[in-house]
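**Student:** Have a peek at final_5.cif (mmCIF, N, CA and C atoms).
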```cif
data_work
loop_
_atom_site.label_atom_id
_atom_site.label_comp_id
_atom_site.auth_asym_id
_atom_site.auth_seq_id
_atom_site.Cartn_x
_atom_site.Cartn_y
_atom_site.Cartn_z
N MET I 1 0.84 -1.18 0.00
CA MET I 1 0.00 0.00 0.00
C MET I 1 0.89 1.25 0.00
N LYS I 2 0.54 2.19 -0.82
CA LYS I 2 1.33 3.41 -0.97
C LYS I 2 0.94 4.42 0.09
N ASN I 3 1.93 4.98 0.76
CA ASN I 3 1.69 5.99 1.78
C ASN I 3 1.64 7.36 1.11
N THR I 4 0.47 8.02 1.14
CA THR I 4 0.31 9.30 0.45
C THR I 4 0.41 10.49 1.39
N LYS I 5 0.73 10.26 2.66
CA LYS I 5 0.81 11.36 3.62
C LYS I 5 2.14 12.11 3.51
N PHE I 6 3.11 11.52 2.88
CA PHE I 6 4.43 12.14 2.80
C PHE I 6 4.70 12.65 1.39
N ILE I 7 5.44 13.71 1.31
CA ILE I 7 5.81 14.28 0.02
C ILE I 7 7.09 13.59 -0.43
N THR I 8 7.05 13.09 -1.63
CA THR I 8 8.24 12.43 -2.17
C THR I 8 9.10 13.47 -2.87
N HIS I 9 10.32 13.10 -3.18
CA HIS I 9 11.21 14.04 -3.88
C HIS I 9 10.69 14.37 -5.26
N MET I 10 9.96 13.47 -5.90
CA MET I 10 9.41 13.76 -7.22
C MET I 10 8.21 14.70 -7.12
N ALA I 11 7.45 14.62 -6.04
CA ALA I 11 6.30 15.51 -5.86
C ALA I 11 6.76 16.95 -5.70
N ILE I 12 7.90 17.15 -5.07
CA ILE I 12 8.43 18.50 -4.90
C ILE I 12 8.72 19.14 -6.25
N LEU I 13 9.15 18.37 -7.21
CA LEU I 13 9.43 18.91 -8.54
C LEU I 13 8.16 19.38 -9.24
N ARG I 14 7.01 18.84 -8.87
CA ARG I 14 5.74 19.20 -9.50
C ARG I 14 5.01 20.30 -8.74
N MET I 15 5.48 20.69 -7.58
CA MET I 15 4.80 21.72 -6.78
C MET I 15 4.98 23.09 -7.43
N LEU I 16 3.92 23.88 -7.39
CA LEU I 16 3.99 25.24 -7.94
C LEU I 16 4.75 26.15 -7.00
N SER I 17 5.50 27.07 -7.59
CA SER I 17 6.16 28.09 -6.79
C SER I 17 5.11 29.12 -6.37
N PRO I 18 5.39 29.94 -5.37
CA PRO I 18 4.43 30.98 -4.97
C PRO I 18 4.07 31.91 -6.14
N GLU I 19 5.04 32.21 -6.98
CA GLU I 19 4.78 33.08 -8.13
C GLU I 19 3.84 32.40 -9.12
N GLU I 20 4.02 31.11 -9.35
CA GLU I 20 3.15 30.37 -10.27
C GLU I 20 1.72 30.30 -9.73
N LYS I 21 1.58 30.20 -8.44
CA LYS I 21 0.25 30.19 -7.83
C LYS I 21 -0.46 31.52 -8.06
N ILE I 22 0.28 32.61 -7.91
CA ILE I 22 -0.29 33.94 -8.14
C ILE I 22 -0.72 34.09 -9.60
N ILE I 23 0.15 33.68 -10.52
CA ILE I 23 -0.17 33.77 -11.95
C ILE I 23 -1.39 32.94 -12.29
N SER I 24 -1.51 31.75 -11.71
CA SER I 24 -2.67 30.90 -12.01
C SER I 24 -3.96 31.51 -11.49
N LYS I 25 -3.91 32.16 -10.33
CA LYS I 25 -5.11 32.82 -9.79
C LYS I 25 -5.54 33.97 -10.70
N ILE I 26 -4.56 34.77 -11.12
CA ILE I 26 -4.87 35.92 -11.99
C ILE I 26 -5.32 35.44 -13.36
N GLY I 27 -4.64 34.45 -13.91
CA GLY I 27 -4.92 33.97 -15.26
C GLY I 27 -6.32 33.45 -15.47
N LYS I 28 -6.93 32.91 -14.44
CA LYS I 28 -8.30 32.39 -14.55
C LYS I 28 -9.31 33.50 -14.84
N TRP I 29 -8.96 34.73 -14.51
CA TRP I 29 -9.88 35.85 -14.66
C TRP I 29 -9.57 36.76 -15.84
N ILE I 30 -8.49 36.50 -16.57
CA ILE I 30 -8.16 37.33 -17.74
C ILE I 30 -8.99 36.90 -18.94
N ALA I 31 -9.72 37.85 -19.51
CA ALA I 31 -10.53 37.58 -20.70
C ALA I 31 -9.65 37.65 -21.95
N SER I 32 -8.76 38.65 -22.00
CA SER I 32 -7.83 38.77 -23.12
C SER I 32 -6.66 39.67 -22.72
N ALA I 33 -5.59 39.54 -23.47
CA ALA I 33 -4.41 40.37 -23.26
C ALA I 33 -3.79 40.61 -24.63
N LYS I 34 -4.09 41.75 -25.21
CA LYS I 34 -3.62 42.07 -26.56
C LYS I 34 -2.52 43.11 -26.50
N PRO I 35 -1.46 42.89 -27.27
CA PRO I 35 -0.35 43.87 -27.27
C PRO I 35 -0.72 45.15 -28.01
N ASP I 36 -0.16 46.25 -27.53
CA ASP I 36 -0.32 47.53 -28.21
C ASP I 36 0.83 47.72 -29.19
N GLU I 37 1.00 48.93 -29.70
CA GLU I 37 2.06 49.18 -30.70
C GLU I 37 3.46 49.02 -30.11
N ASN I 38 3.60 49.11 -28.79
CA ASN I 38 4.89 48.93 -28.12
C ASN I 38 5.12 47.49 -27.66
N LYS I 39 4.24 46.59 -28.09
CA LYS I 39 4.30 45.17 -27.73
C LYS I 39 4.17 44.93 -26.24
N VAL I 40 3.36 45.77 -25.59
CA VAL I 40 3.05 45.61 -24.17
C VAL I 40 1.55 45.32 -24.10
N ALA I 41 1.16 44.30 -23.37
CA ALA I 41 -0.23 43.84 -23.37
C ALA I 41 -1.15 44.75 -22.57
N ASN I 42 -2.34 44.95 -23.14
CA ASN I 42 -3.45 45.60 -22.43
C ASN I 42 -4.32 44.47 -21.91
N VAL I 43 -4.40 44.33 -20.60
CA VAL I 43 -5.12 43.22 -19.99
C VAL I 43 -6.58 43.58 -19.78
N LEU I 44 -7.47 42.65 -20.19
CA LEU I 44 -8.90 42.80 -20.03
C LEU I 44 -9.39 41.67 -19.13
N PHE I 45 -9.96 42.03 -17.98
CA PHE I 45 -10.47 41.04 -17.05
C PHE I 45 -11.94 40.74 -17.32
N LYS I 46 -12.37 39.57 -16.92
CA LYS I 46 -13.77 39.17 -17.04
C LYS I 46 -14.64 40.09 -16.21
N LYS I 47 -15.91 40.15 -16.58
CA LYS I 47 -16.85 41.10 -15.99
C LYS I 47 -16.96 41.00 -14.47
N ASN I 48 -17.06 39.82 -13.92
CA ASN I 48 -17.29 39.65 -12.48
C ASN I 48 -16.03 39.32 -11.71
N THR I 49 -14.91 39.82 -12.16
CA THR I 49 -13.64 39.55 -11.48
C THR I 49 -13.66 40.14 -10.06
N PRO I 50 -13.34 39.32 -9.05
CA PRO I 50 -13.32 39.84 -7.67
C PRO I 50 -12.25 40.91 -7.48
N LYS I 51 -12.53 41.85 -6.61
CA LYS I 51 -11.57 42.93 -6.32
C LYS I 51 -10.25 42.36 -5.79
N LYS I 52 -10.32 41.24 -5.09
CA LYS I 52 -9.13 40.59 -4.56
C LYS I 52 -8.17 40.21 -5.70
N ILE I 53 -8.71 39.74 -6.81
CA ILE I 53 -7.89 39.36 -7.96
C ILE I 53 -7.31 40.60 -8.63
N LEU I 54 -8.09 41.66 -8.72
CA LEU I 54 -7.60 42.90 -9.34
C LEU I 54 -6.46 43.50 -8.52
N LYS I 55 -6.59 43.47 -7.21
CA LYS I 55 -5.51 43.98 -6.34
C LYS I 55 -4.28 43.09 -6.45
N LEU I 56 -4.50 41.79 -6.56
CA LEU I 56 -3.39 40.86 -6.73
C LEU I 56 -2.65 41.15 -8.03
N TYR I 57 -3.40 41.46 -9.09
CA TYR I 57 -2.78 41.83 -10.38
C TYR I 57 -1.97 43.11 -10.23
N GLU I 58 -2.54 44.12 -9.58
CA GLU I 58 -1.85 45.40 -9.42
C GLU I 58 -0.51 45.23 -8.70
N LYS I 59 -0.48 44.36 -7.71
CA LYS I 59 0.75 44.14 -6.95
C LYS I 59 1.75 43.25 -7.70
N ASN I 60 1.26 42.38 -8.59
CA ASN I 60 2.11 41.36 -9.19
C ASN I 60 2.07 41.33 -10.70
N TYR I 61 1.69 42.42 -11.35
CA TYR I 61 1.59 42.41 -12.82
C TYR I 61 2.93 42.09 -13.48
N ASP I 62 4.02 42.36 -12.78
CA ASP I 62 5.34 42.09 -13.35
C ASP I 62 5.67 40.60 -13.40
N LEU I 63 4.86 39.76 -12.75
CA LEU I 63 5.06 38.31 -12.81
C LEU I 63 4.44 37.68 -14.06
N ILE I 64 3.57 38.43 -14.72
CA ILE I 64 2.93 37.92 -15.94
C ILE I 64 4.04 37.56 -16.93
N PRO I 65 3.94 36.39 -17.61
CA PRO I 65 5.04 35.93 -18.47
C PRO I 65 5.20 36.68 -19.79
N PHE I 66 4.58 37.85 -19.90
CA PHE I 66 4.75 38.71 -21.07
C PHE I 66 4.67 40.15 -20.58
N PRO I 67 5.22 41.09 -21.32
CA PRO I 67 5.14 42.49 -20.89
C PRO I 67 3.67 42.94 -20.83
N ALA I 68 3.28 43.52 -19.71
CA ALA I 68 1.89 43.96 -19.53
C ALA I 68 1.85 45.29 -18.79
N HIS I 69 0.84 46.09 -19.12
CA HIS I 69 0.63 47.36 -18.42
C HIS I 69 0.08 47.08 -17.02
N LYS I 70 0.41 47.96 -16.09
CA LYS I 70 -0.15 47.83 -14.74
C LYS I 70 -1.64 48.14 -14.77
N GLU I 71 -2.05 49.04 -15.63
CA GLU I 71 -3.45 49.40 -15.77
C GLU I 71 -4.17 48.26 -16.49
N TYR I 72 -5.44 48.09 -16.20
CA TYR I 72 -6.23 47.04 -16.81
C TYR I 72 -7.64 47.56 -17.07
N LYS I 73 -8.42 46.80 -17.81
CA LYS I 73 -9.81 47.13 -18.06
C LYS I 73 -10.65 45.92 -17.68
N ILE I 74 -11.94 46.17 -17.46
CA ILE I 74 -12.86 45.10 -17.11
C ILE I 74 -13.95 45.06 -18.18
N GLU I 75 -14.33 43.84 -18.60
CA GLU I 75 -15.39 43.68 -19.61
C GLU I 75 -16.66 44.38 -19.16
N ARG I 76 -17.41 44.82 -20.13
CA ARG I 76 -18.70 45.47 -19.83
C ARG I 76 -19.81 44.47 -19.81
#
```
Would you kindly transcribe this structure into structure tokens?

**Tutor:**
Amino acid sequence: MKNTKFITHMAILRMLSPEEKIISKIGKWIASAKPDENKVANVLFKKNTPKKILKLYEKNYDLIPFPAHKEYKIER
């Protein structure tokens, strides 16, 4: 029987970093991210995005894996 209460060395390799967790939380709420003429993305969030996610984006927009503006828009 396999003991699942302990983390194996291989499981550690699959664990998300704190930064990846933040990106995954933000990414679920992004409707689109289109680059402007300077190749920096304008991020558009889904209509009912929680304020907690928007604040998380404002604090961590530099973690996004592409250049993005700190400012964002919300769908109508």

**Student:** What's the separation between atom C of Ile22 in chain I and atom N of Lys55 in chain I, in Å to one decimal place?

**Tutor:**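 Atom-to-atom, atom C of Ile22 in chain I to atom N of Lys55 in chain I, that is 11.3 Å.
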
**Student:** Could you expand the PyMOL selection byres ((chain I and resi 75) around 6.5) into the explicit residues it covers here, written as a list of chain:residue names?

**Tutor:**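 So the PyMOL selection byres ((chain I and resi 75) around 6.5) ends up selecting I:Leu44, I:Phe45, I:Lys46, I:Lys47, I:Lys73, I:Ile74, I:Arg76.
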
**Student:** Please identify all polymer residues within 8 Å of Ile53 in chain I, counting all atoms listed in the file, omitting same-chain residues fewer than 3 positions from it, and present them as a list in words.

**Tutor:**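 Here the answer would be Lys25, Ile26, Trp29, Thr49, Pro50, Leu56, Tyr57, Glu58 and Lys59 of chain I.
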
**Student:** Quick one, how far is atom C of Ser24 in chain I from atom C of His69 in chain I?

**Tutor:**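 One can read the atom C of Ser24 in chain I to atom C of His69 in chain I distance as 17.0 Å.
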
**Student:** Can you tell me how far CA of Lys52 in chain I sits from CA of Asn38 in chain I, in Å to one decimal?

**Tutor:**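 Interatomic distance here is 28.7 Å.
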
**Student:** Write out as a PDB file with N, CA and C atoms, in the coordinates of the input all residues of chain I that DSSP puts in strand (DSSP E or B) for this structure's backbone.

**Tutor:**
```
ATOM      1  N   ILE I  30      -8.490  36.500 -16.570  1.00  0.00           N
ATOM      2  CA  ILE I  30      -8.160  37.330 -17.740  1.00  0.00           C
ATOM      3  C   ILE I  30      -8.990  36.900 -18.940  1.00  0.00           C
ATOM      4  N   ALA I  31      -9.720  37.850 -19.510  1.00  0.00           N
ATOM      5  CA  ALA I  31     -10.530  37.580 -20.700  1.00  0.00           C
ATOM      6  C   ALA I  31      -9.650  37.650 -21.950  1.00  0.00           C
ATOM      7  N   SER I  32      -8.760  38.650 -22.000  1.00  0.00           N
ATOM      8  CA  SER I  32      -7.830  38.770 -23.120  1.00  0.00           C
ATOM      9  C   SER I  32      -6.660  39.670 -22.720  1.00  0.00           C
ATOM     10  N   ALA I  33      -5.590  39.540 -23.470  1.00  0.00           N
ATOM     11  CA  ALA I  33      -4.410  40.370 -23.260  1.00  0.00           C
ATOM     12  C   ALA I  33      -3.790  40.610 -24.630  1.00  0.00           C
ATOM     13  N   LYS I  34      -4.090  41.750 -25.210  1.00  0.00           N
ATOM     14  CA  LYS I  34      -3.620  42.070 -26.560  1.00  0.00           C
ATOM     15  C   LYS I  34      -2.520  43.110 -26.500  1.00  0.00           C
ATOM     16  N   PRO I  35      -1.460  42.890 -27.270  1.00  0.00           N
ATOM     17  CA  PRO I  35      -0.350  43.870 -27.270  1.00  0.00           C
ATOM     18  C   PRO I  35      -0.720  45.150 -28.010  1.00  0.00           C
ATOM     19  N   ALA I  41       1.160  44.300 -23.370  1.00  0.00           N
ATOM     20  CA  ALA I  41      -0.230  43.840 -23.370  1.00  0.00           C
ATOM     21  C   ALA I  41      -1.150  44.750 -22.570  1.00  0.00           C
ATOM     22  N   ASN I  42      -2.340  44.950 -23.140  1.00  0.00           N
ATOM     23  CA  ASN I  42      -3.450  45.600 -22.430  1.00  0.00           C
ATOM     24  C   ASN I  42      -4.320  44.470 -21.910  1.00  0.00           C
ATOM     25  N   VAL I  43      -4.400  44.330 -20.600  1.00  0.00           N
ATOM     26  CA  VAL I  43      -5.120  43.220 -19.990  1.00  0.00           C
ATOM     27  C   VAL I  43      -6.580  43.580 -19.780  1.00  0.00           C
ATOM     28  N   LEU I  44      -7.470  42.650 -20.190  1.00  0.00           N
ATOM     29  CA  LEU I  44      -8.900  42.800 -20.030  1.00  0.00           C
ATOM     30  C   LEU I  44      -9.390  41.670 -19.130  1.00  0.00           C
ATOM     31  N   PHE I  45      -9.960  42.030 -17.980  1.00  0.00           N
ATOM     32  CA  PHE I  45     -10.470  41.040 -17.050  1.00  0.00           C
ATOM     33  C   PHE I  45     -11.940  40.740 -17.320  1.00  0.00           C
ATOM     34  N   ALA I  68       3.280  43.520 -19.710  1.00  0.00           N
ATOM     35  CA  ALA I  68       1.890  43.960 -19.530  1.00  0.00           C
ATOM     36  C   ALA I  68       1.850  45.290 -18.790  1.00  0.00           C
ATOM     37  N   HIS I  69       0.840  46.090 -19.120  1.00  0.00           N
ATOM     38  CA  HIS I  69       0.630  47.360 -18.420  1.00  0.00           C
ATOM     39  C   HIS I  69       0.080  47.080 -17.020  1.00  0.00           C
ATOM     40  N   LYS I  70       0.410  47.960 -16.090  1.00  0.00           N
ATOM     41  CA  LYS I  70      -0.150  47.830 -14.740  1.00  0.00           C
ATOM     42  C   LYS I  70      -1.640  48.140 -14.770  1.00  0.00           C
ATOM     43  N   GLU I  71      -2.050  49.040 -15.630  1.00  0.00           N
ATOM     44  CA  GLU I  71      -3.450  49.400 -15.770  1.00  0.00           C
ATOM     45  C   GLU I  71      -4.170  48.260 -16.490  1.00  0.00           C
ATOM     46  N   TYR I  72      -5.440  48.090 -16.200  1.00  0.00           N
ATOM     47  CA  TYR I  72      -6.230  47.040 -16.810  1.00  0.00           C
ATOM     48  C   TYR I  72      -7.640  47.560 -17.070  1.00  0.00           C
ATOM     49  N   LYS I  73      -8.420  46.800 -17.810  1.00  0.00           N
ATOM     50  CA  LYS I  73      -9.810  47.130 -18.060  1.00  0.00           C
ATOM     51  C   LYS I  73     -10.650  45.920 -17.680  1.00  0.00           C
ATOM     52  N   ILE I  74     -11.940  46.170 -17.460  1.00  0.00           N
ATOM     53  CA  ILE I  74     -12.860  45.100 -17.110  1.00  0.00           C
ATOM     54  C   ILE I  74     -13.950  45.060 -18.180  1.00  0.00           C
TER      55      ILE I  74
END
```

**Student:** Please expand the PyMOL selection byres ((chain I and resi 41) around 6.5) into the concrete residues it hits in this file, giving the result as a PyMOL selection string.

**Tutor:** chain I and resi 33-36+39-40+42-43+66-69

**Student:** Of the candidates I:Arg14, I:Glu19, I:Ile30, I:Glu37, which shows the shortest atom-to-atom distance to Asp62 in chain I, using only C-alpha atoms?

**Tutor:**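 Among the listed residues, the smallest separation from Asp62 in chain I belongs to I:Glu19.
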
**Student:** Taking only C-alpha atoms into account, which of I:Leu54, I:Pro65, I:Ser32, I:Asn48 comes nearest Glu20 in chain I?

**Tutor:**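 Of I:Leu54, I:Pro65, I:Ser32, I:Asn48, the one nearest Glu20 in chain I, counting only C-alpha atoms, is I:Pro65.
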